[in-house]
Amino acid sequence: MTFEYIPRGVCSRKIIIDVEDNKVLDVKFIGGCNGNLKGIGALVKGMTVDEVITRLEGIDCNMKGTSCPDQLAMALKSINK
């Protein structure tokens, strides 16, 4: 299934996540730091939803209290309910 998430407090404007059988198949960030976010998407491909959440949750960007990776974890938590 493909999910869209609107992140808060970061530069990216949208996260599009494709998940099947609790595995992340693809992640695309709209806006934000293009190269870094493509890298994050490539690194989490094939991971379980829980593993991505565990690794990325709580990462902070410039004292914002969140980051694009943290927002990805929040997005996955919202679809994993």
# chains A, B, ... in the order shown; residues from 1 in each chain; ligands from 1

$ select_by_dssp --residues "chain A" --states "alpha helix (DSSP H)" --output "ChimeraX atom specification"
/A:34-44,49-56,68-79

$ residues_around --residues "Ile6 (chain A)" --least-positions-apart "3" --cutoff "9 Å" --atoms "only C-alpha atoms" --output "PyMOL selection string"
chain A and resi 12-16+71+75

$ write_last_selection --atoms "C-alpha atoms" --output "mmCIF file, in the first residue's frame"
data_model
loop_
_atom_site.group_PDB
_atom_site.id
_atom_site.type_symbol
_atom_site.label_atom_id
_atom_site.label_comp_id
_atom_site.auth_asym_id
_atom_site.auth_seq_id
_atom_site.Cartn_x
_atom_site.Cartn_y
_atom_site.Cartn_z
ATOM 1 C CA SER A 12 10.212 18.411 3.194
ATOM 2 C CA ARG A 13 6.563 18.948 2.275
ATOM 3 C CA LYS A 14 5.402 15.361 1.792
ATOM 4 C CA ILE A 15 6.580 11.790 2.322
ATOM 5 C CA ILE A 16 5.280 9.036 0.056
ATOM 6 C CA GLN A 71 9.116 12.487 10.483
ATOM 7 C CA ALA A 75 4.649 8.514 9.399
#

$ residues_around --residues "Val44 (chain A)" --least-positions-apart "2" --cutoff "12 Å" --atoms "only C-alpha atoms" --output "JSON, numbers by chain"
{"A": [17, 18, 19, 23, 24, 25, 26, 27, 28, 37, 38, 39, 40, 41, 42, 46, 47, 48, 49, 50, 51, 52, 53, 54, 55, 56, 69, 72, 73, 76]}

$ closest_residue --among "A:Met74, A:Cys33, A:Val10, A:Ile79" --to "Glu57 (chain A)" --atoms "only C-alpha atoms"
A:Met74

$ select_by_dssp --residues "chain A" --states "strand (DSSP E)" --output "PyMOL selection string"
chain A and resi 2-5+12-20+23-31
